[in-house]
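**Student:** Next comes the structure file upload.csv, holding CSV, C-alpha atoms.
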```csv
chain,number,residue,atom,x,y,z
A,1,MET,CA,408.8,253.7,65.6
A,2,ILE,CA,409.3,255.6,62.4
A,3,ILE,CA,411.9,254.9,59.7
A,4,ARG,CA,412.9,258.0,57.7
A,5,PRO,CA,415.9,259.2,55.6
A,6,ILE,CA,418.7,260.6,57.7
A,7,ALA,CA,419.0,264.4,58.2
A,8,PRO,CA,421.7,266.8,59.3
A,9,THR,CA,420.2,267.0,62.8
A,10,ASP,CA,421.1,263.3,63.3
A,11,LEU,CA,424.9,263.9,63.1
A,12,ASP,CA,425.5,263.8,66.9
A,13,THR,CA,423.6,260.6,67.3
A,14,LEU,CA,425.2,259.0,64.2
A,15,HIS,CA,428.6,259.8,65.6
A,16,GLN,CA,427.6,258.2,68.9
A,17,ILE,CA,426.4,255.1,67.0
A,18,ALA,CA,429.7,254.9,65.1
A,19,ILE,CA,431.5,254.8,68.4
A,20,GLU,CA,429.2,252.3,70.0
A,21,SER,CA,429.3,249.9,67.0
A,22,GLY,CA,433.1,249.3,67.3
A,23,PRO,CA,436.0,249.1,64.8
A,24,GLY,CA,434.6,246.2,62.8
A,25,PHE,CA,431.6,248.2,61.6
A,26,THR,CA,433.4,249.8,58.7
A,27,SER,CA,430.3,251.4,57.1
A,28,LEU,CA,430.1,253.9,60.0
A,29,MET,CA,433.4,255.2,61.3
A,30,PRO,CA,433.6,257.7,64.3
A,31,ASP,CA,434.8,260.7,62.1
A,32,ARG,CA,432.4,263.6,62.4
A,33,ASP,CA,433.5,265.2,59.1
A,34,ALA,CA,433.2,261.9,57.2
A,35,LEU,CA,429.8,261.2,58.8
A,36,ALA,CA,428.6,264.7,57.8
A,37,ARG,CA,429.6,264.0,54.2
A,38,LYS,CA,427.8,260.7,54.4
A,39,ILE,CA,424.6,262.4,55.5
A,40,GLU,CA,424.9,265.0,52.8
A,41,HIS,CA,425.5,262.2,50.2
A,42,SER,CA,422.5,260.3,51.4
A,43,MET,CA,420.2,263.3,51.2
A,44,ALA,CA,421.4,264.0,47.7
A,45,SER,CA,420.8,260.3,46.7
A,46,PHE,CA,417.2,260.4,47.9
A,47,ARG,CA,416.5,263.6,46.0
A,48,ARG,CA,418.3,262.5,42.8
A,49,ALA,CA,416.3,261.3,39.7
A,50,VAL,CA,417.7,257.8,39.0
A,51,THR,CA,417.2,255.5,36.0
A,52,GLU,CA,420.0,253.0,36.9
A,53,PRO,CA,422.2,252.5,40.0
A,54,GLY,CA,425.2,254.7,40.5
A,55,ASP,CA,427.1,256.0,43.5
A,56,GLU,CA,423.9,256.6,45.5
A,57,HIS,CA,423.9,255.8,49.2
A,58,TYR,CA,420.7,255.6,51.1
A,59,LEU,CA,420.9,255.9,54.9
A,60,PHE,CA,417.8,255.6,57.1
A,61,VAL,CA,417.3,256.2,60.8
A,62,LEU,CA,414.8,254.5,63.2
A,63,GLU,CA,413.2,257.2,65.4
A,64,ASP,CA,411.1,256.9,68.6
A,65,GLU,CA,408.6,259.5,67.6
A,66,ALA,CA,407.4,259.9,71.2
A,67,THR,CA,410.9,261.0,72.5
A,68,GLY,CA,412.8,261.9,69.3
A,69,ASP,CA,415.5,259.4,70.2
A,70,ILE,CA,417.3,257.8,67.3
A,71,MET,CA,417.1,254.0,67.9
A,72,GLY,CA,419.3,252.7,65.1
A,73,THR,CA,420.4,253.0,61.5
A,74,THR,CA,420.1,251.0,58.3
A,75,GLY,CA,421.3,251.7,54.8
A,76,ILE,CA,421.7,250.6,51.1
A,77,GLU,CA,424.7,251.2,48.8
A,78,ALA,CA,423.2,251.3,45.3
A,79,SER,CA,426.3,250.0,43.4
A,80,ALA,CA,429.1,248.6,45.6
A,81,GLY,CA,432.5,249.1,44.0
A,82,HIS,CA,431.3,252.0,41.9
A,83,THR,CA,433.8,254.6,43.2
A,84,ARG,CA,436.4,252.2,44.8
A,85,PRO,CA,437.1,248.5,44.5
A,86,LEU,CA,435.2,246.2,46.9
A,87,TYR,CA,437.7,243.5,47.9
A,88,HIS,CA,437.1,240.0,49.3
A,89,PHE,CA,438.9,236.7,49.8
A,90,HIS,CA,437.3,233.9,47.7
A,91,ARG,CA,437.4,230.5,49.4
A,92,ASN,CA,438.4,227.8,47.0
A,93,THR,CA,439.8,224.3,46.9
A,94,VAL,CA,443.0,223.4,45.0
A,95,THR,CA,443.9,219.8,44.3
A,96,HIS,CA,447.6,218.8,43.9
A,97,HIS,CA,447.9,215.4,42.1
A,98,SER,CA,450.8,213.3,41.0
A,99,ARG,CA,449.7,210.6,38.5
A,100,ASP,CA,453.0,208.8,38.6
A,101,LEU,CA,453.2,208.6,42.4
A,102,GLY,CA,449.5,208.1,42.8
A,103,LEU,CA,449.2,210.9,45.3
A,104,ARG,CA,446.5,213.5,45.7
A,105,ARG,CA,445.9,216.3,48.2
A,106,SER,CA,443.2,218.9,48.3
A,107,VAL,CA,443.8,222.1,50.2
A,108,GLU,CA,441.7,225.2,50.8
A,109,THR,CA,442.9,228.6,49.6
A,110,LEU,CA,441.9,232.2,50.0
A,111,THR,CA,442.4,234.4,46.9
A,112,ARG,CA,441.9,238.2,46.8
A,113,CYS,CA,439.3,239.4,44.3
A,114,ASN,CA,436.7,242.1,43.7
A,115,HIS,CA,433.9,239.7,42.5
A,116,TYR,CA,431.0,241.9,43.6
A,117,SER,CA,431.6,245.0,41.6
A,118,GLY,CA,428.3,246.8,40.7
A,119,CYS,CA,426.1,244.9,43.1
A,120,SER,CA,423.7,246.7,45.6
A,121,GLU,CA,424.8,246.3,49.2
A,122,ILE,CA,422.7,246.5,52.3
A,123,CYS,CA,424.7,247.9,55.2
A,124,SER,CA,424.9,250.0,58.3
A,125,LEU,CA,422.3,248.1,60.3
A,126,TYR,CA,422.7,248.9,63.9
A,127,LEU,CA,420.1,248.8,66.7
A,128,ARG,CA,421.3,250.6,69.8
A,129,PRO,CA,421.1,248.2,72.9
A,130,GLU,CA,418.9,250.4,75.0
A,131,PHE,CA,416.3,250.5,72.3
A,132,ARG,CA,416.0,246.8,71.5
A,133,ARG,CA,412.2,246.0,71.5
A,134,ALA,CA,409.7,243.9,69.6
A,135,ASN,CA,409.9,244.3,65.8
A,136,ALA,CA,412.6,247.0,65.9
A,137,GLY,CA,415.3,244.7,64.3
A,138,LYS,CA,412.8,243.4,61.7
A,139,LEU,CA,411.8,246.9,60.8
A,140,LEU,CA,415.4,248.0,60.3
A,141,SER,CA,416.3,244.9,58.3
A,142,ARG,CA,413.3,244.5,56.1
A,143,VAL,CA,412.4,248.1,55.4
A,144,ARG,CA,415.4,248.2,53.0
A,145,PHE,CA,413.8,245.5,50.8
A,146,LEU,CA,410.5,247.4,50.6
A,147,PHE,CA,412.3,250.5,49.5
A,148,MET,CA,414.1,248.5,46.9
A,149,ALA,CA,410.9,246.9,45.8
A,150,LEU,CA,409.3,250.4,45.3
A,151,HIS,CA,412.3,251.7,43.4
A,152,PRO,CA,414.0,248.8,41.5
A,153,GLU,CA,415.5,251.1,38.9
A,154,ARG,CA,417.8,252.4,41.6
A,155,PHE,CA,419.4,249.1,42.4
A,156,SER,CA,421.3,246.1,40.9
A,157,GLU,CA,419.7,242.7,40.2
A,158,THR,CA,422.1,241.2,42.8
A,159,VAL,CA,422.0,242.3,46.5
A,160,ILE,CA,424.8,241.5,48.9
A,161,ALA,CA,425.5,242.0,52.6
A,162,GLU,CA,428.9,241.9,54.3
A,163,MET,CA,428.5,240.4,57.7
A,164,ARG,CA,430.8,241.4,60.5
A,165,GLY,CA,433.3,238.8,61.4
A,166,VAL,CA,434.6,237.5,64.7
A,167,SER,CA,436.5,240.0,67.0
A,168,ASP,CA,436.8,240.2,70.8
A,169,SER,CA,435.6,242.9,73.2
A,170,SER,CA,438.7,245.0,72.5
A,171,GLY,CA,438.2,244.8,68.8
A,172,GLN,CA,441.0,242.3,68.0
A,173,SER,CA,440.3,239.9,65.1
A,174,PRO,CA,442.0,236.4,65.2
A,175,PHE,CA,442.1,236.4,61.4
A,176,TRP,CA,443.7,239.8,61.2
A,177,ASP,CA,446.2,238.9,63.9
A,178,TRP,CA,447.6,236.2,61.5
A,179,LEU,CA,447.6,238.6,58.5
A,180,LYS,CA,449.3,241.3,60.5
A,181,ALA,CA,452.0,238.9,61.6
A,182,HIS,CA,452.9,237.9,58.1
A,183,PHE,CA,451.8,240.7,55.7
A,184,VAL,CA,450.5,244.0,57.1
A,185,ASP,CA,452.0,245.4,60.2
A,186,MET,CA,449.0,247.5,61.2
A,187,GLU,CA,446.4,247.3,64.0
A,188,PHE,CA,443.0,246.0,63.1
A,189,ALA,CA,441.3,249.2,64.1
A,190,SER,CA,443.7,251.2,61.9
A,191,ALA,CA,443.1,249.0,58.9
A,192,THR,CA,439.3,249.1,59.2
A,193,SER,CA,439.4,252.9,59.8
A,194,LEU,CA,441.3,253.3,56.5
A,195,VAL,CA,438.7,251.3,54.6
A,196,GLY,CA,435.8,253.1,56.3
A,197,SER,CA,437.3,256.4,55.2
A,198,GLY,CA,437.5,255.2,51.6
A,199,TYR,CA,441.3,254.6,51.4
A,200,THR,CA,441.9,251.2,49.9
A,201,ASP,CA,445.3,251.7,48.0
A,202,PHE,CA,447.1,249.8,50.8
A,203,ILE,CA,445.2,246.6,49.9
A,204,GLU,CA,446.8,246.5,46.5
A,205,GLU,CA,450.2,247.5,47.9
A,206,LEU,CA,450.4,245.3,51.0
A,207,MET,CA,447.7,242.6,51.1
A,208,PRO,CA,448.7,239.3,49.4
A,209,ALA,CA,447.5,238.9,45.8
A,210,HIS,CA,448.5,235.2,45.6
A,211,PRO,CA,446.4,232.4,47.1
A,212,LEU,CA,446.8,231.8,50.8
A,213,TYR,CA,446.7,228.2,52.0
A,214,THR,CA,444.4,228.1,55.0
A,215,CYS,CA,446.2,225.0,56.4
A,216,LEU,CA,449.3,227.2,57.0
A,217,MET,CA,447.2,229.7,59.1
A,218,SER,CA,447.0,229.6,62.9
A,219,PRO,CA,444.1,227.5,64.2
A,220,GLU,CA,442.5,230.7,65.7
A,221,ALA,CA,442.5,232.4,62.3
A,222,ARG,CA,441.3,229.3,60.4
A,223,ALA,CA,438.4,228.8,62.9
A,224,VAL,CA,436.8,232.1,62.3
A,225,ILE,CA,436.7,232.1,58.4
A,226,SER,CA,433.1,232.6,57.3
A,227,GLN,CA,432.0,233.0,61.0
A,228,VAL,CA,430.1,236.1,62.2
A,229,HIS,CA,430.4,238.2,65.3
A,230,ALA,CA,428.0,237.2,68.1
A,231,HIS,CA,426.1,240.5,67.8
A,232,THR,CA,425.7,239.9,64.1
A,233,ARG,CA,424.0,236.4,64.3
A,234,PRO,CA,420.4,237.7,64.5
A,235,ALA,CA,421.0,239.9,61.4
A,236,LEU,CA,422.5,236.9,59.5
A,237,HIS,CA,419.5,234.7,60.5
A,238,MET,CA,417.1,237.3,59.2
A,239,LEU,CA,418.9,237.5,55.9
A,240,GLU,CA,419.0,233.8,55.5
A,241,ALA,CA,415.3,233.7,56.1
A,242,GLU,CA,415.0,236.3,53.2
A,243,GLY,CA,416.9,233.9,50.9
A,244,PHE,CA,420.4,235.2,51.2
A,245,ARG,CA,423.2,232.6,50.9
A,246,HIS,CA,427.0,232.6,51.5
A,247,LYS,CA,428.9,231.6,48.4
A,248,GLY,CA,432.5,231.6,49.6
A,249,LEU,CA,433.4,235.3,49.7
A,250,VAL,CA,434.8,236.6,53.0
A,251,ASP,CA,436.0,239.9,54.3
A,252,LEU,CA,439.7,240.7,53.9
A,253,PHE,CA,440.1,241.8,57.5
A,254,ASP,CA,438.0,239.7,59.8
A,255,ALA,CA,437.0,236.9,57.3
A,256,GLY,CA,433.2,237.5,58.0
A,257,PRO,CA,431.0,236.0,55.3
A,258,THR,CA,429.3,238.0,52.5
A,259,VAL,CA,425.8,236.7,51.6
A,260,GLU,CA,423.9,237.4,48.4
A,261,CYS,CA,420.4,237.1,46.8
A,262,ALA,CA,418.8,238.2,43.6
A,263,LEU,CA,416.6,241.3,44.3
A,264,SER,CA,413.5,239.6,42.8
A,265,ASP,CA,414.0,236.5,45.0
A,266,ILE,CA,414.2,238.3,48.3
A,267,ARG,CA,411.3,237.0,50.4
A,268,SER,CA,410.2,240.5,51.5
A,269,VAL,CA,410.2,241.8,48.0
A,270,ARG,CA,408.1,239.0,46.8
A,271,GLY,CA,405.7,239.2,49.8
A,272,SER,CA,405.1,242.9,49.8
A,273,GLN,CA,401.8,244.2,48.4
A,274,SER,CA,400.4,247.6,47.4
A,275,TRP,CA,397.2,248.9,49.2
A,276,GLN,CA,394.9,251.8,48.8
A,277,ILE,CA,394.6,253.9,51.9
A,278,GLU,CA,391.4,254.8,53.8
A,279,VAL,CA,391.9,257.2,56.6
A,280,ASP,CA,389.3,257.0,59.5
A,281,ALA,CA,387.4,260.2,59.7
A,282,GLY,CA,385.5,259.4,62.9
A,283,PRO,CA,383.7,256.6,64.8
A,284,ALA,CA,383.0,253.6,62.5
A,285,THR,CA,379.3,252.9,61.8
A,286,GLN,CA,377.9,249.4,62.4
A,287,PHE,CA,378.0,248.7,58.6
A,288,ARG,CA,381.7,249.8,58.4
A,289,GLN,CA,382.6,247.6,61.3
A,290,ARG,CA,381.1,244.6,59.6
A,291,ALA,CA,382.8,245.4,56.4
A,292,ARG,CA,386.3,245.3,58.0
A,293,GLU,CA,388.7,242.5,58.6
A,294,ARG,CA,391.3,242.7,61.4
A,295,ILE,CA,394.9,241.6,60.6
A,296,ALA,CA,396.3,240.0,63.8
A,297,THR,CA,400.0,240.0,62.7
A,298,PRO,CA,402.2,243.1,62.7
A,299,LEU,CA,402.4,244.9,59.3
A,300,LEU,CA,405.4,246.8,58.0
A,301,ILE,CA,403.9,249.7,56.1
A,302,THR,CA,405.6,252.3,53.9
A,303,ASN,CA,404.6,255.2,51.8
A,304,THR,CA,405.9,255.2,48.2
A,305,GLY,CA,408.2,258.3,48.4
A,306,THR,CA,412.0,258.6,48.1
A,307,ALA,CA,413.2,261.8,49.9
A,308,GLY,CA,409.9,261.7,51.8
A,309,PHE,CA,410.0,258.0,52.5
A,310,ARG,CA,408.5,256.8,55.8
A,311,ALA,CA,407.8,253.4,57.3
A,312,THR,CA,406.5,251.9,60.5
A,313,VAL,CA,405.0,248.8,62.1
A,314,VAL,CA,401.3,248.7,62.7
A,315,THR,CA,399.7,246.0,64.9
A,316,GLY,CA,395.9,245.3,64.6
A,317,ALA,CA,395.5,247.0,61.2
A,318,GLU,CA,392.2,246.6,59.4
A,319,ILE,CA,391.3,246.1,55.8
A,320,ARG,CA,388.1,246.4,53.9
A,321,SER,CA,386.9,242.8,53.3
A,322,GLY,CA,387.2,241.7,49.7
A,323,THR,CA,389.1,244.9,48.7
A,324,HIS,CA,392.6,246.2,48.5
A,325,THR,CA,392.0,248.9,51.0
A,326,LEU,CA,394.0,249.3,54.2
A,327,CYS,CA,392.4,251.4,57.0
A,328,LEU,CA,394.7,253.7,59.0
A,329,SER,CA,394.0,256.1,61.8
A,330,PRO,CA,394.6,259.8,61.1
A,331,GLU,CA,397.8,259.6,63.3
A,332,GLN,CA,399.2,256.6,61.4
A,333,ALA,CA,398.5,258.3,58.1
A,334,ARG,CA,400.1,261.5,59.3
A,335,ASP,CA,403.2,259.6,60.5
A,336,LEU,CA,403.6,257.9,57.1
A,337,ASP,CA,402.7,261.1,55.2
A,338,LEU,CA,399.8,259.3,53.5
A,339,GLU,CA,396.5,260.7,52.4
A,340,GLN,CA,393.0,259.4,51.7
A,341,GLY,CA,393.0,257.3,48.5
A,342,GLY,CA,396.8,257.2,48.5
A,343,THR,CA,399.0,254.1,48.0
A,344,CYS,CA,401.2,252.3,50.5
A,345,LEU,CA,403.3,249.1,50.5
A,346,ALA,CA,402.7,246.6,53.2
A,347,LEU,CA,404.4,243.4,54.4
A,348,SER,CA,403.3,241.0,57.1
A,349,LEU,CA,406.2,240.5,59.5
A,350,ILE,CA,405.0,237.0,60.4
A,351,ASN,CA,402.5,235.4,57.9
A,352,SER,CA,401.1,236.1,54.5
A,353,LEU,CA,398.4,238.8,54.1
A,354,PRO,CA,394.8,237.7,53.8
A,355,ASN,CA,393.5,236.0,50.6
A,356,ALA,CA,391.5,239.1,49.8
A,357,THR,CA,394.8,240.6,48.3
A,358,ALA,CA,395.3,237.7,45.9
A,359,ASP,CA,394.1,239.8,43.0
A,360,LEU,CA,397.0,242.1,43.4
A,361,ASN,CA,399.5,239.5,42.1
A,362,PRO,CA,399.0,240.2,38.4
A,363,ILE,CA,399.9,243.9,38.8
A,364,ARG,CA,402.8,243.5,41.3
A,365,PRO,CA,405.5,242.9,38.6
A,366,GLU,CA,404.5,246.2,37.1
A,367,ILE,CA,404.7,248.0,40.4
A,368,HIS,CA,407.9,246.4,41.8
A,369,TYR,CA,410.1,245.2,39.0
A,370,ALA,CA,409.5,247.4,36.0
A,371,HIS,CA,412.6,249.3,34.9
```
Can the structure from this file be put into C-alpha cells for me?
**Tutor:**
Amino acid sequence: MIIRPIAPTDLDTLHQIAIESGPGFTSLMPDRDALARKIEHSMASFRRAVTEPGDEHYLFVLEDEATGDIMGTTGIEASAGHTRPLYHFHRNTVTHHSRDLGLRRSVETLTRCNHYSGCSEICSLYLRPEFRRANAGKLLSRVRFLFMALHPERFSETVIAEMRGVSDSSGQSPFWDWLKAHFVDMEFASATSLVGSGYTDFIEELMPAHPLYTCLMSPEARAVISQVHAHTRPALHMLEAEGFRHKGLVDLFDAGPTVECALSDIRSVRGSQSWQIEVDAGPATQFRQRARERIATPLLITNTGTAGFRATVVTGAEIRSGTHTLCLSPEQARDLDLEQGGTCLALSLINSLPNATADLNPIRPEIHYAH
C-alpha cells in the first residue's frame, strides 16, 4: 500500500469514490469537472513554495501497488474558510430566570457561526469497502499528521475534522428533515451538493441566523445532534485517540460533530521520529545481523518530500541497535523514493519506537515545529 499525491490519471476512480461515498460526503461530490479542478488545485498546492497556510488543498490516494487499484483517499485543507465561510451550529445553553417569580429554566440552543475560520481541516478520508484490510484505515488517517509534522509552516496551529452526521441508506438526514420543514425547502442531497461545489450564499439567505431552541425540534432531529454516521465511527475513534475533542460545533445540515486539536498536541505528530536510511545492498553478514534490532510492530514510514511525498506501512522493519538508522530493502526504498543516507519519518502504529531513538527528542522540535 502506497500513499502518494493524487494525479490526473486518478480522475475516473475519484469520481467513482465520490459516487460511492454518498451525499453526506461534501468534500468529494460526483461532478467530474469539479473533481478535475480539485486534482489540479491539489497538484499546484504540493508544488507551491509555502511559508504560511493559504488556499492550498492536499489530496492523497492510497494505491495497491501490485494491481494499481486506488483503495481510498485522504486530504488536508490548509486554511478552512480561506476562500468561503465555513459555517457551523454552536451548541449552547441559555438560562431564562425570573427573580421575582423564583423561576429558572435552562434550554439548549443552536446558533449559526463561522468559528473555525483559518484552521487546517483534515478531510476526504474514504476507504473503499472492497479494499478494507489491516492498517489501511490507520495509514489513511495518520499519514496526514506526518505530512503536517514534516511541513508545519503549511498549516494552522489548530486542526479540525468535520465528521459525517447521521443519515439513512437513501441519504436522508433526520436533522435536515426538520430544517427543511421549517426553513429551507430543499432536499438534503441538493443542499450538500451546493456546499460541495463551493456555493454557500444560500446559507446566509435561507438558513436561520437566530438561535434555534432544540427543545422545539422533532425528537428524531434532536437525537442525532453531535452523532456520527455508522460508517464514520471508526474514523472518529481514531481521531479521539489522537487527542481530538468535540467542543460543541456541529454541521449545519446533518448536525455531525466537528472535533479539534492543536497540531503540536496530536499524538502522531508527537510520536513521529526522524531516521537515517540504510538500504540493504545484499545478504547481511553475521556481524550486521547481530547489530540489528527487529521492530515487531508495523511502522508508518514517509519520505520528507511534498510533490514527491510517499508513505507506506512496513512490518518487521529493522534498525541499527543504538543508532538512528532504519534499514529498508531496495524495494521499500524505491517505493518511498528514498536513497542511502537519506531521511525518513517513522511512526509506530501500535506502540512507541525503541529506546534507542530517545536521543532524537532534543532535535524533533527543530524538525517538526520550526516555522
**Student:** For Val107 of chain A, which residue among A:Met71, A:Cys215, A:Met29, A:Leu127 is the nearest when counting all atoms listed in the file?
**Tutor:**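 Of the candidates, the smallest distance to Val107 of chain A is held by A:Cys215.
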**Student:** Measuring atom to atom with all atoms listed in the file, identify which of A:Ser218, A:Ser197, A:Ser45, A:Thr315 is nearest to Ala181 of chain A.
**Tutor:**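 Among the listed residues, the smallest separation from Ala181 of chain A belongs to A:Ser218.
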**Student:** In Å, rounded to a single decimal, give me how far atom CA of Pro5 of chain A is from atom CA of Arg310 of chain A.
**Tutor:** 7.8 Å
**Student:** Could you tell me how far atom CA of Leu347 of chain A lies from atom CA of Trp275 of chain A, in Å and to one decimal?
**Tutor:**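 Pair atom CA of Leu347 of chain A / atom CA of Trp275 of chain A returns 10.4 Å.
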**Student:** Using all atoms listed in the file, determine which residues lie at most 9 Å from Arg267 of chain A, disregarding the query and same-chain residues fewer than 2 positions distant; provide the list as JSON, numbers by chain.
**Tutor:** {"A": [145, 241, 242, 243, 264, 265, 269, 270, 271, 272]}
**Student:** Between atom CA of Ala317 of chain A and atom CA of Lys138 of chain A, measure the distance and give it in Å to one decimal.
**Tutor:** 17.7 Å
**Student:** Within 8 Å of Asp251 of chain A, counting only C-alpha atoms, which residues show up once you throw out same-chain ones fewer than 6 positions away? Write them as a list in words, please.
**Tutor:**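 In the requested form, the answer reads Tyr87, His88, Phe89, Glu162, Gly165, Pro257 and Thr258 of chain A.
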**Student:** Considering only C-alpha atoms, state which residue in the set A:Val61, A:Ala44, A:Ile295, A:Ala191 is at the smallest distance from Arg4 of chain A.
**Tutor:**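 Between A:Val61, A:Ala44, A:Ile295, A:Ala191, the residue approaching Arg4 of chain A most closely is A:Val61.
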**Student:** Rank nothing, just name the residue among A:Tyr126, A:Phe183, A:Tyr213, A:Phe253 nearest to Thr93 of chain A, using all atoms listed in the file.
**Tutor:**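 Between A:Tyr126, A:Phe183, A:Tyr213, A:Phe253, the residue approaching Thr93 of chain A most closely is A:Tyr213.
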**Student:** Pick from A:Ser167, A:Ser329, A:Gln172, A:Thr109: nearest to Leu212 of chain A, with all atoms listed in the file counted?
**Tutor:** A:Thr109
